[in-house]
Every structure is written in structure tokens, then in C-alpha cells.
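Printed here is data-v4.pdb (PDB, C-alpha atoms and all ligand atoms):
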```
ATOM      1  CA  MET A 248      13.173 -12.185 -10.114
ATOM      2  CA  ILE A 249      14.430 -15.379  -8.545
ATOM      3  CA  ASP A 250      12.713 -18.681  -8.819
ATOM      4  CA  LEU A 251      13.418 -21.570  -6.512
ATOM      5  CA  LYS A 252      11.998 -24.834  -7.802
ATOM      6  CA  ASP A 253      11.635 -28.099  -5.890
ATOM      7  CA  VAL A 254      14.746 -27.442  -3.868
ATOM      8  CA  THR A 255      15.817 -30.162  -1.482
ATOM      9  CA  VAL A 256      18.785 -29.790   0.842
ATOM     10  CA  LYS A 257      20.183 -32.501   3.081
ATOM     11  CA  TYR A 258      22.848 -32.532   5.709
ATOM     12  CA  GLY A 259      24.058 -36.103   5.650
ATOM     13  CA  THR A 260      20.945 -38.216   5.821
ATOM     14  CA  SER A 261      18.687 -35.559   7.324
ATOM     15  CA  THR A 262      16.596 -33.481   4.935
ATOM     16  CA  VAL A 263      16.320 -29.840   6.040
ATOM     17  CA  LEU A 264      14.544 -28.425   2.983
ATOM     18  CA  HIS A 265      11.825 -30.550   1.399
ATOM     19  CA  GLU A 266      11.172 -29.714  -2.257
ATOM     20  CA  VAL A 267      10.687 -26.024  -1.586
ATOM     21  CA  SER A 268       9.397 -23.864  -4.449
ATOM     22  CA  ILE A 269       9.143 -20.081  -4.173
ATOM     23  CA  ALA A 270       9.001 -17.366  -6.816
ATOM     24  CA  PHE A 271      10.450 -14.202  -5.297
ATOM     25  CA  LYS A 272       9.091 -11.026  -6.851
ATOM     26  CA  LYS A 273      11.197  -8.122  -7.967
ATOM     27  CA  GLY A 274      11.361  -5.237  -5.513
ATOM     28  CA  ASN A 275       9.606  -7.199  -2.778
ATOM     29  CA  PHE A 276      10.755  -7.231   0.819
ATOM     30  CA  THR A 277      10.141 -10.873   1.681
ATOM     31  CA  VAL A 278      10.528 -12.171   5.214
ATOM     32  CA  LEU A 279      11.295 -15.813   5.963
ATOM     33  CA  LEU A 280       9.733 -16.376   9.336
ATOM     34  CA  GLY A 281      10.262 -19.388  11.531
ATOM     35  CA  ALA A 282      11.620 -20.823  14.748
ATOM     36  CA  SER A 283      15.241 -21.759  15.201
ATOM     37  CA  GLY A 284      16.076 -24.833  13.128
ATOM     38  CA  ALA A 285      13.215 -24.279  10.652
ATOM     39  CA  GLY A 286      15.624 -24.016   7.725
ATOM     40  CA  LYS A 287      15.732 -20.224   7.198
ATOM     41  CA  SER A 288      19.515 -19.931   6.935
ATOM     42  CA  THR A 289      19.714 -22.959   4.674
ATOM     43  CA  LEU A 290      17.068 -21.490   2.381
ATOM     44  CA  LEU A 291      18.818 -18.116   2.262
ATOM     45  CA  ARG A 292      22.150 -19.720   1.476
ATOM     46  CA  SER A 293      20.457 -21.748  -1.258
ATOM     47  CA  LEU A 294      19.477 -18.486  -2.932
ATOM     48  CA  ASN A 295      23.068 -17.809  -3.920
ATOM     49  CA  MET A 296      24.104 -21.455  -3.823
ATOM     50  CA  MET A 297      26.460 -20.996  -0.936
ATOM     51  CA  GLN A 298      24.477 -24.038   0.068
ATOM     52  CA  PRO A 299      24.750 -26.816  -2.519
ATOM     53  CA  LEU A 300      21.339 -28.153  -3.555
ATOM     54  CA  ASN A 301      20.694 -31.885  -3.479
ATOM     55  CA  SER A 302      17.992 -31.404  -6.072
ATOM     56  CA  GLY A 303      15.945 -28.644  -7.631
ATOM     57  CA  SER A 304      16.924 -25.504  -9.469
ATOM     58  CA  LEU A 305      17.387 -21.782  -9.147
ATOM     59  CA  THR A 306      16.472 -19.417 -11.971
ATOM     60  CA  VAL A 307      17.391 -15.727 -11.870
ATOM     61  CA  GLU A 308      15.845 -13.052 -14.068
ATOM     62  CA  GLY A 309      18.318 -11.850 -16.690
ATOM     63  CA  ILE A 310      20.673 -14.789 -16.085
ATOM     64  CA  GLY A 311      18.595 -17.955 -16.451
ATOM     65  CA  VAL A 312      18.976 -21.267 -14.656
ATOM     66  CA  LEU A 313      22.092 -21.157 -12.491
ATOM     67  CA  ASP A 314      23.727 -24.233 -13.942
ATOM     68  CA  ASP A 315      27.298 -23.107 -14.440
ATOM     69  CA  LYS A 316      30.025 -21.235 -12.606
ATOM     70  CA  LYS A 317      29.913 -18.150 -14.794
ATOM     71  CA  LYS A 318      26.186 -17.565 -14.251
ATOM     72  CA  LEU A 319      26.582 -18.158 -10.553
ATOM     73  CA  GLN A 320      29.399 -15.622 -10.393
ATOM     74  CA  ILE A 321      27.242 -12.978 -12.090
ATOM     75  CA  HIS A 322      24.374 -13.712  -9.713
ATOM     76  CA  ARG A 323      26.613 -13.503  -6.636
ATOM     77  CA  ARG A 324      28.134 -10.233  -7.778
ATOM     78  CA  HIS A 325      24.707  -8.620  -7.659
ATOM     79  CA  THR A 326      23.643 -10.288  -4.431
ATOM     80  CA  GLY A 327      24.544  -8.600  -1.148
ATOM     81  CA  MET A 328      24.660 -10.699   2.006
ATOM     82  CA  ILE A 329      24.025  -9.433   5.521
ATOM     83  CA  PHE A 330      24.615 -11.743   8.468
ATOM     84  CA  GLN A 331      23.509 -11.859  12.092
ATOM     85  CA  GLN A 332      27.079 -11.565  13.324
ATOM     86  CA  HIS A 333      27.771  -9.145  10.457
ATOM     87  CA  GLN A 334      31.080 -10.938   9.680
ATOM     88  CA  LEU A 335      33.159  -7.790   9.689
ATOM     89  CA  ILE A 336      36.836  -7.690  10.594
ATOM     90  CA  GLY A 337      36.968  -5.922  13.945
ATOM     91  CA  ARG A 338      40.532  -4.701  13.851
ATOM     92  CA  GLN A 339      40.143  -3.103  10.424
ATOM     93  CA  THR A 340      38.550   0.248   9.704
ATOM     94  CA  VAL A 341      34.967   0.671   8.619
ATOM     95  CA  MET A 342      36.225   1.765   5.181
ATOM     96  CA  GLN A 343      38.438  -1.295   4.735
ATOM     97  CA  ASN A 344      35.523  -3.547   5.623
ATOM     98  CA  ILE A 345      33.164  -1.845   3.223
ATOM     99  CA  LEU A 346      35.628  -1.932   0.351
ATOM    100  CA  MET A 347      35.706  -5.683   0.792
ATOM    101  CA  GLY A 348      32.195  -5.685  -0.687
ATOM    102  CA  ARG A 349      33.691  -4.444  -3.977
ATOM    103  CA  LEU A 350      36.142  -7.292  -4.362
ATOM    104  CA  GLY A 351      33.631  -9.542  -6.106
ATOM    105  CA  TYR A 352      33.810  -7.173  -9.057
ATOM    106  CA  TYR A 353      37.424  -7.971  -9.824
ATOM    107  CA  SER A 354      39.531 -10.965 -10.727
ATOM    108  CA  SER A 355      41.626 -12.413  -7.925
ATOM    109  CA  PHE A 356      44.721 -10.940  -9.597
ATOM    110  CA  ARG A 357      43.270  -7.426  -9.551
ATOM    111  CA  THR A 358      42.460  -7.683  -5.837
ATOM    112  CA  LEU A 359      46.174  -7.646  -5.010
ATOM    113  CA  PHE A 360      46.148  -3.906  -5.706
ATOM    114  CA  PRO A 361      44.395  -1.174  -3.760
ATOM    115  CA  LEU A 362      40.919  -0.376  -5.026
ATOM    116  CA  GLY A 363      40.499   2.777  -7.071
ATOM    117  CA  ARG A 364      39.004   6.150  -6.400
ATOM    118  CA  GLN A 365      35.605   5.218  -7.829
ATOM    119  CA  ASP A 366      35.313   2.330  -5.390
ATOM    120  CA  GLN A 367      36.276   4.586  -2.519
ATOM    121  CA  VAL A 368      33.652   7.161  -3.486
ATOM    122  CA  LEU A 369      31.049   4.410  -3.691
ATOM    123  CA  ALA A 370      32.091   3.151  -0.256
ATOM    124  CA  LEU A 371      31.788   6.633   1.244
ATOM    125  CA  GLN A 372      28.388   7.131  -0.368
ATOM    126  CA  SER A 373      27.184   3.817   1.066
ATOM    127  CA  LEU A 374      28.480   4.776   4.474
ATOM    128  CA  ASP A 375      26.706   8.109   4.270
ATOM    129  CA  ARG A 376      23.433   6.370   3.503
ATOM    130  CA  VAL A 377      23.641   4.382   6.722
ATOM    131  CA  GLY A 378      24.532   7.562   8.648
ATOM    132  CA  LEU A 379      28.100   6.561   9.485
ATOM    133  CA  LEU A 380      30.285   8.714   7.280
ATOM    134  CA  HIS A 381      31.950  10.154  10.364
ATOM    135  CA  LYS A 382      33.056   6.651  11.377
ATOM    136  CA  ALA A 383      34.841   5.820   8.100
ATOM    137  CA  MET A 384      38.262   5.599   9.739
ATOM    138  CA  SER A 385      37.149   4.045  13.041
ATOM    139  CA  ARG A 386      37.979   0.467  13.827
ATOM    140  CA  VAL A 387      34.890  -1.712  13.552
ATOM    141  CA  ASP A 388      35.396  -3.168  17.033
ATOM    142  CA  GLN A 389      34.945   0.315  18.478
ATOM    143  CA  LEU A 390      31.404   0.614  17.154
ATOM    144  CA  SER A 391      28.152  -0.384  18.855
ATOM    145  CA  GLY A 392      26.253  -3.471  17.695
ATOM    146  CA  GLY A 393      23.739  -1.332  15.795
ATOM    147  CA  GLN A 394      26.494   0.641  14.094
ATOM    148  CA  GLN A 395      28.299  -2.556  13.129
ATOM    149  CA  GLN A 396      25.188  -3.894  11.486
ATOM    150  CA  ARG A 397      24.794  -0.608   9.597
ATOM    151  CA  VAL A 398      28.353  -1.134   8.317
ATOM    152  CA  GLY A 399      27.156  -4.604   7.260
ATOM    153  CA  ILE A 400      24.368  -2.938   5.260
ATOM    154  CA  ALA A 401      26.827  -0.463   3.689
ATOM    155  CA  ARG A 402      29.129  -3.324   2.695
ATOM    156  CA  ALA A 403      26.223  -5.007   0.924
ATOM    157  CA  LEU A 404      25.312  -1.713  -0.791
ATOM    158  CA  VAL A 405      28.718  -1.159  -2.416
ATOM    159  CA  GLN A 406      27.988  -4.228  -4.469
ATOM    160  CA  GLN A 407      25.131  -2.216  -6.004
ATOM    161  CA  PRO A 408      23.012  -5.300  -5.446
ATOM    162  CA  LYS A 409      19.790  -6.241  -7.157
ATOM    163  CA  LEU A 410      19.094  -8.651  -4.334
ATOM    164  CA  ILE A 411      19.925  -8.556  -0.637
ATOM    165  CA  LEU A 412      19.874 -11.730   1.444
ATOM    166  CA  ALA A 413      19.868 -10.941   5.148
ATOM    167  CA  ASP A 414      20.108 -13.753   7.659
ATOM    168  CA  GLU A 415      18.627 -12.677  11.008
ATOM    169  CA  PRO A 416      20.220  -9.241  10.598
ATOM    170  CA  VAL A 417      18.893  -7.926  13.894
ATOM    171  CA  ALA A 418      18.911 -11.022  16.091
ATOM    172  CA  SER A 419      21.839  -9.843  18.208
ATOM    173  CA  LEU A 420      20.466  -6.346  18.788
ATOM    174  CA  ASP A 421      18.197  -4.986  21.507
ATOM    175  CA  PRO A 422      14.594  -4.437  20.326
ATOM    176  CA  ALA A 423      14.869  -0.651  19.842
ATOM    177  CA  THR A 424      18.115  -0.902  17.867
ATOM    178  CA  ALA A 425      16.749  -3.868  15.914
ATOM    179  CA  ASP A 426      13.793  -1.772  14.842
ATOM    180  CA  LYS A 427      16.015   1.109  13.709
ATOM    181  CA  VAL A 428      18.267  -1.188  11.684
ATOM    182  CA  MET A 429      15.230  -2.842  10.066
ATOM    183  CA  THR A 430      13.790   0.596   9.244
ATOM    184  CA  LEU A 431      17.026   1.551   7.542
ATOM    185  CA  LEU A 432      17.385  -1.702   5.619
ATOM    186  CA  HIS A 433      13.779  -1.567   4.463
ATOM    187  CA  TYR A 434      13.997   2.090   3.482
ATOM    188  CA  ILE A 435      17.148   1.606   1.389
ATOM    189  CA  CYS A 436      15.794  -1.493  -0.354
ATOM    190  CA  LYS A 437      12.620   0.357  -1.280
ATOM    191  CA  GLU A 438      14.446   3.482  -2.377
ATOM    192  CA  ASP A 439      16.820   1.550  -4.640
ATOM    193  CA  GLY A 440      14.310  -1.068  -5.795
ATOM    194  CA  ILE A 441      16.433  -3.841  -4.308
ATOM    195  CA  SER A 442      14.634  -7.141  -3.782
ATOM    196  CA  ALA A 443      15.244  -8.429  -0.274
ATOM    197  CA  VAL A 444      14.863 -11.795   1.404
ATOM    198  CA  VAL A 445      15.286 -11.425   5.141
ATOM    199  CA  SER A 446      15.051 -14.160   7.728
ATOM    200  CA  LEU A 447      13.606 -13.257  11.100
ATOM    201  CA  HIS A 448      12.232 -15.087  14.082
ATOM    202  CA  GLN A 449      10.322 -12.085  15.448
ATOM    203  CA  VAL A 450       6.688 -12.018  14.326
ATOM    204  CA  ASP A 451       6.237  -8.318  15.102
ATOM    205  CA  LEU A 452       9.144  -7.265  12.886
ATOM    206  CA  ALA A 453       7.928  -9.492  10.071
ATOM    207  CA  ARG A 454       4.479  -7.916  10.270
ATOM    208  CA  ARG A 455       5.876  -4.428  10.291
ATOM    209  CA  TYR A 456       8.297  -4.650   7.383
ATOM    210  CA  ALA A 457       7.394  -7.509   5.069
ATOM    211  CA  ASP A 458       5.528  -7.218   1.784
ATOM    212  CA  ARG A 459       5.226 -10.963   1.977
ATOM    213  CA  ILE A 460       5.783 -13.431   4.810
ATOM    214  CA  ILE A 461       6.870 -16.961   4.051
ATOM    215  CA  GLY A 462       6.593 -19.146   7.122
ATOM    216  CA  LEU A 463       8.926 -22.107   7.423
ATOM    217  CA  ALA A 464       8.719 -25.028   9.814
ATOM    218  CA  GLN A 465      10.854 -28.133   9.637
ATOM    219  CA  GLY A 466      12.067 -27.354   6.161
ATOM    220  CA  ARG A 467       8.635 -26.823   4.643
ATOM    221  CA  ILE A 468       6.598 -23.759   3.750
ATOM    222  CA  VAL A 469       3.644 -23.570   6.101
ATOM    223  CA  CYS A 470       2.304 -20.208   5.001
ATOM    224  CA  ASP A 471       2.889 -17.667   2.260
ATOM    225  CA  VAL A 472       0.879 -14.547   3.000
ATOM    226  CA  SER A 473       0.834 -10.766   3.174
ATOM    227  CA  PRO A 474       1.410  -9.379   6.699
ATOM    228  CA  GLU A 475      -2.300  -8.578   7.019
ATOM    229  CA  GLN A 476      -3.184 -12.173   6.215
ATOM    230  CA  LEU A 477      -0.876 -13.736   8.801
ATOM    231  CA  THR A 478      -3.215 -15.398  11.295
ATOM    232  CA  GLN A 479      -2.716 -16.582  14.852
ATOM    233  CA  GLU A 480      -3.038 -20.124  13.487
ATOM    234  CA  ASP A 481      -0.160 -19.482  11.087
ATOM    235  CA  VAL A 482       1.966 -18.239  13.959
ATOM    236  CA  HIS A 483       1.041 -21.280  16.067
ATOM    237  CA  ALA A 484       2.015 -23.560  13.207
ATOM    238  CA  LEU A 485       5.377 -21.821  12.980
ATOM    239  CA  TYR A 486       6.208 -21.967  16.631
ATOM    240  CA  ARG A 487       4.118 -24.981  17.673
ATOM    241  CA  GLN A 488       3.197 -23.522  21.032
ATOM    242  CA  THR A 489      -0.021 -22.342  22.606
ATOM    243  CA  THR A 490       1.105 -18.917  23.734
ATOM    244  CA  LEU A 491       2.292 -16.515  21.103
ATOM    245  CA  PRO A 492       5.879 -15.388  21.426
ATOM    246  CA  GLN A 493       5.185 -11.735  20.698
ATOM    247  CA  PRO A 494       1.682 -10.791  21.853
ATOM    248  CA  GLY A 495       0.190  -7.320  21.811
ATOM    249  CA  LEU A 496       2.600  -5.769  19.368
ATOM    250  CA  PRO A 497       1.645  -3.009  16.964
ATOM    251  CA  GLN A 498      -0.152  -3.945  13.782
ATOM    252  CA  PRO A 499       1.534  -3.258  10.471
ATOM    253  CA  GLN A 500       1.447   0.330   9.409
ATOM    254  CA  THR A 501       2.610   2.017   6.276
ATOM    255  CA  ASN A 502       5.620   0.482   4.573
ATOM    256  CA  LYS A 503       7.347   3.804   4.261
ATOM    257  CA  PRO A 504       9.138   4.819   7.460
ATOM    258  CA  SER A 505       8.396   8.238   8.867
ATOM    259  CA  SER A 506      11.079  10.874   8.766
ATOM    260  CA  PHE A 507      11.120  10.551  12.529
ATOM    261  CA  ALA A 508      12.046   6.891  12.227
ATOM    262  CA  LEU A 509      14.817   7.711   9.799
ATOM    263  CA  HIS A 510      16.093  10.426  12.048
ATOM    264  CA  ALA A 511      16.153   7.916  14.883
ATOM    265  CA  VAL A 512      18.320   5.579  12.811
ATOM    266  CA  LYS A 513      21.109   8.133  12.755
ATOM    267  CA  GLU A 514      21.193   8.134  16.536
ATOM    268  CA  THR A 515      21.781   4.366  16.890
TER
HETATM  269  N1  LIG A 601      26.129 -27.608   8.655
HETATM  270  C1  LIG A 601      25.124 -28.350   9.145
HETATM  271  N2  LIG A 601      25.263 -29.675   9.349
HETATM  272  C2  LIG A 601      24.248 -30.420   9.817
HETATM  273  N3  LIG A 601      23.025 -29.941  10.125
HETATM  274  C3  LIG A 601      22.813 -28.640   9.954
HETATM  275  C4  LIG A 601      23.850 -27.755   9.457
HETATM  276  N4  LIG A 601      23.349 -26.507   9.394
HETATM  277  C5  LIG A 601      22.074 -26.589   9.825
HETATM  278  N5  LIG A 601      21.747 -27.854  10.158
HETATM  279  C6  LIG A 601      20.428 -28.322  10.625
HETATM  280  O1  LIG A 601      19.500 -27.998   9.607
HETATM  281  C7  LIG A 601      18.273 -27.535  10.163
HETATM  282  C8  LIG A 601      17.977 -26.160   9.616
HETATM  283  O2  LIG A 601      18.966 -25.258  10.050
HETATM  284  P1  LIG A 601      18.996 -23.729   9.677
HETATM  285  O3  LIG A 601      18.841 -23.590   8.210
HETATM  286  O4  LIG A 601      20.219 -23.153  10.287
HETATM  287  O5  LIG A 601      17.674 -23.185  10.392
HETATM  288  P2  LIG A 601      17.329 -21.732  10.958
HETATM  289  O6  LIG A 601      18.206 -20.743  10.245
HETATM  290  O7  LIG A 601      15.885 -21.562  10.675
HETATM  291  O8  LIG A 601      17.610 -21.763  12.425
HETATM  292  C9  LIG A 601      18.454 -27.579  11.673
HETATM  293  O9  LIG A 601      17.905 -28.780  12.136
HETATM  294  C10 LIG A 601      19.940 -27.573  11.854
HETATM  295  O10 LIG A 601      20.304 -28.246  13.035
HETATM  296 MG    MG A 602      19.538 -19.375  11.004
END
```
Kindly return the structure encoded in the file as C-alpha cells.
Amino acid sequence: MIDLKDVTVKYGTSTVLHEVSIAFKKGNFTVLLGASGAGKSTLLRSLNMMQPLNSGSLTVEGIGVLDDKKKLQIHRRHTGMIFQQHQLIGRQTVMQNILMGRLGYYSSFRTLFPLGRQDQVLALQSLDRVGLLHKAMSRVDQLSGGQQQRVGIARALVQQPKLILADEPVASLDPATADKVMTLLHYICKEDGISAVVSLHQVDLARRYADRIIGLAQGRIVCDVSPEQLTQEDVHALYRQTTLPQPGLPQPQTNKPSSFALHAVKET
């Protein structure tokens, strides 16, 4: 559904993505795996051109090559972003933050007025899906880290996205909360048929949730495999160390979370 071709990105004179080509498949939950500095964030930002490309192209199904502002705007409207630090406004309510996700649908003139009833219903529905309807009027800075990231997911959902780009969405959470947030994100993407590209540095989470793992090191793809195919050698190449960072963790199981796991999400 989105095709990255020979994309090179430089910061000044240093090249951080070297002619990267990836065809992302519709409905897939793709994990970009790699150590800090590998180029994961740069690659994710390239996928909605928040990061200008030095060369290469981006083609999106139903839109074509993103070579003008109009096409890019359409693409961005249907692309939800989730960030590590969730980028919410702490002193505003959960509802106000989520409604912000709708703004891309309107002209800048229209955004001077309060959003309509339909948008509010959509925001409440999104909030319900992440189990936080009861927090609609709470200030974001009164929520736990896990709850804040669930608000981040809800904000992406009000865009009714076809694609979600999530940059280390669980990196600031403790392992148990991280797992619950990943379960929720994965479940919603699968239920709605949303394609997802998620960067992670944790091998165990990548194995558990990914349909496809793309390993990045120093701005290059070093592996492109299913979770079952990810070898110890691949992991070594990604982290360039002799001891694995996450040994002895559970092997991938079914992609569909158990109802127990979903129940657990609500408790975060
Ligand atoms: N705005 C920037 N200016 C200069 N260098 C940058 C900038 N952002 C990232 N880099 C460098 O680009 C490389 C890739 O960074 P990044 O995409 O953030 O990797 P990751 O998300 O995998 O940690 C790193 O070497 C990083 O230091
Ligand atoms: Mg990063």
C-alpha cells in the first residue's frame, strides 16, 4: 500500500538512510527493529514526508507518487502518527487532545470554530475503544503513562487512518504496560484493517506482534523477515554485540490477543 523506493536521507553531510526500498503491504503490522541511531525515526518520518527526502520516491496506493502538496495532504490525512512521548497537551482534557486528530480534515479557516457533533461522537468512540471513555474530561497530565499512550492511539484513530506510523510507542513504559499498549494497538489495527509501521528496539515485542520485521542498522536494511525467520545472527547484526539484549523471552504466539490480554489492557 506504500512503496518506498531508493530513499536517501542526509542530515548535513551525513547520510542516515542509504537508498532504502521497501514495499509495505496493506493490512500488515510491520516492525522496524534496530538499535538507537539506526535510522528508524527517520524512516518513519519519511513515510509521510515529515522528513524531506534527498532522493528517492514514495508511492501510495490510491494516490500515486507523492510529488505534490495536494497528494501529500491526502496521504497525511489518512495517516495517524503515534509518538514515544505521545505529544499530547498535558493541561488540556483528553477530549480536547483527541479532537486535535480531526483538525487535518478541515481547512485552517474552519479550525477556528469548535468541531461538530459528529467529530465529538467519533472522538468518544475512539476513546471507548482504548478503554478510557471515563477519562474524557480528565486532564492528560493526570493520567498514567500507559493511559496517555492510549490517548495517543485514540487521537490517531479519530483520523480514521488507513496507515498508522508509531515511533517507539512503548519505549517510555514499563514492560508490563508496554505489552498491554502493544496488544491494544495491534488488536485495533487488525480489527480495522489498518496498516501499521511501528518502530521498536525490543526484540521480544517485535517477535510477538509483527507480521514482518525489517531490521535496520546504520541506515540500511539488514534483514526483512517474518518473526519466525528472525535468527540470532540477524539480532547480532542489528545490535552488533555478542550477548543478546533480550534473551529467554517467549516465542511468538498467535497474532490475535486473548480476551484475557484485552481485559488486562483496560486495567492499565
Ligand atoms: N535532526 C537531526 N540532525 C542531525 N542528525 C540527526 C537528526 N536526527 C537524527 N540524526 C542522526 O541520524 C541517525 C538516525 O537517527 P534516527 O532516525 O533518530 O534513529 P533511531 O530512531 O533508530 O534512533 C542518528 O545517527 C542520529 O544521530
Ligand atoms: Mg528514534
Exercise for the section: Please measure the separation of atom CA of Gly378 of chain A and atom CA of Asp426 of chain A, giving the value in Å to one decimal. Expected result: 15.5 Å
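In this model, the gap between atom CA of Gln365 of chain A and atom CA of Ile345 of chain A comes to 13.3 Å.
Taking all atoms listed in the file into account, Val387 of chain A lies nearest to A:Gln343 out of the set A:Ser261, A:Gln343, A:Ser373, A:Thr478.
Contacts with ligand MG 602 (chain A) are defined as any residue atom within 10 Å of a ligand atom, using all atoms listed in the file; the residues meeting this criterion are Gly281, Ala282, Ser283, Gly284, Ala285, Gly286, Lys287, Ser288, Thr289, Leu290, Leu291, Arg292, Phe330, Gln331, Asp414, Glu415, Ala418, Ser446, Leu447 and His448 of chain A.
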Handout entry: Selected residue of minimal separation from ligand LIG 601 (chain A) among A:Val469, A:Ala383, A:Val254, A:Leu264, counting all atoms listed in the file
Key = A:Leu264
Exercise for the section: Please provide the set of residues having any atom within 8 Å of Val472 of chain A, restricted to only C-alpha atoms, with same-chain residues fewer than 2 positions apart removed, written as a list in words. Expected result: Arg459, Ile460, Ile461, Cys470, Pro474, Glu475, Gln476 and Leu477 of chain A
Practice task
Decode the PyMOL selection byres (((chain A and resi 388) around 7) and not hetatm) for the given file into explicit residues and return them as a PyMOL selection string.
Solution key: chain A and resi 337-338+386-387+389-390
Those same residues - C-alpha atoms - I'd like them written as a PDB file, in the coordinates of the input.
```pdb
ATOM      1  CA  GLY A 337      36.968  -5.922  13.945  1.00  0.00           C
ATOM      2  CA  ARG A 338      40.532  -4.701  13.851  1.00  0.00           C
ATOM      3  CA  ARG A 386      37.979   0.467  13.827  1.00  0.00           C
ATOM      4  CA  VAL A 387      34.890  -1.712  13.552  1.00  0.00           C
ATOM      5  CA  GLN A 389      34.945   0.315  18.478  1.00  0.00           C
ATOM      6  CA  LEU A 390      31.404   0.614  17.154  1.00  0.00           C
TER       7      LEU A 390
END
```
Handout entry: Target residues per the PyMOL selection byres (((chain A and resi 328) around 8) and not hetatm), formatted as JSON, numbers by chain
Key = {"A": [326, 327, 329, 330, 403, 411, 412, 413, 414]}
Fill in the blank from the handout: What separates atom CA of Asp451 of chain A and atom CA of Met429 of chain A is a distance of 11.7 Å
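If you apply the PyMOL selection byres (((chain A and resi 486) around 8) and not hetatm) to this structure, you end up with A:Gly281, A:Ala282, A:Ala464, A:Val482, A:His483, A:Ala484, A:Leu485, A:Arg487, A:Gln488.
With all atoms listed in the file as the atoms that count, the minimum distance from Thr340 of chain A to the choices A:Leu319, A:Ala443, A:Leu313, A:Val398 is reached by A:Val398.
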Exercise for the section: Determine the nearest neighbour of ligand LIG 601 (chain A) from the options A:Ser304, A:Lys252, A:Gln334, A:Ile468, counting all atoms listed in the file. Expected result: A:Ile468
Fill in the blank from the handout: Closest of A:Leu280, A:Ser268, A:Ile435, A:Val341 to ligand LIG 601 (chain A), counting only C-alpha atoms and all ligand atoms, is A:Leu280
Practice task
Show which residues sit within 8 Å of Asp250 of chain A, as a count of residues only. Count all atoms listed in the file, and ignore same-chain residues fewer than 5 positions away.
Solution key: 7
Box for segment 386-391 of chain A: with edges along x, y and z, all listed atoms inside and 4 Å added on each side, what are the centre and edge lengths in Å to one decimal, as JSON?
```
{"center_x": 33.1, "center_y": -1.3, "center_z": 16.2, "size_x": 17.8, "size_y": 11.8, "size_z": 13.3}
```
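Closest approach to Arg455 of chain A from the set A:Ser293, A:Asp481, A:Phe276, A:Thr262 is made by A:Phe276, with distances taken over all atoms listed in the file.
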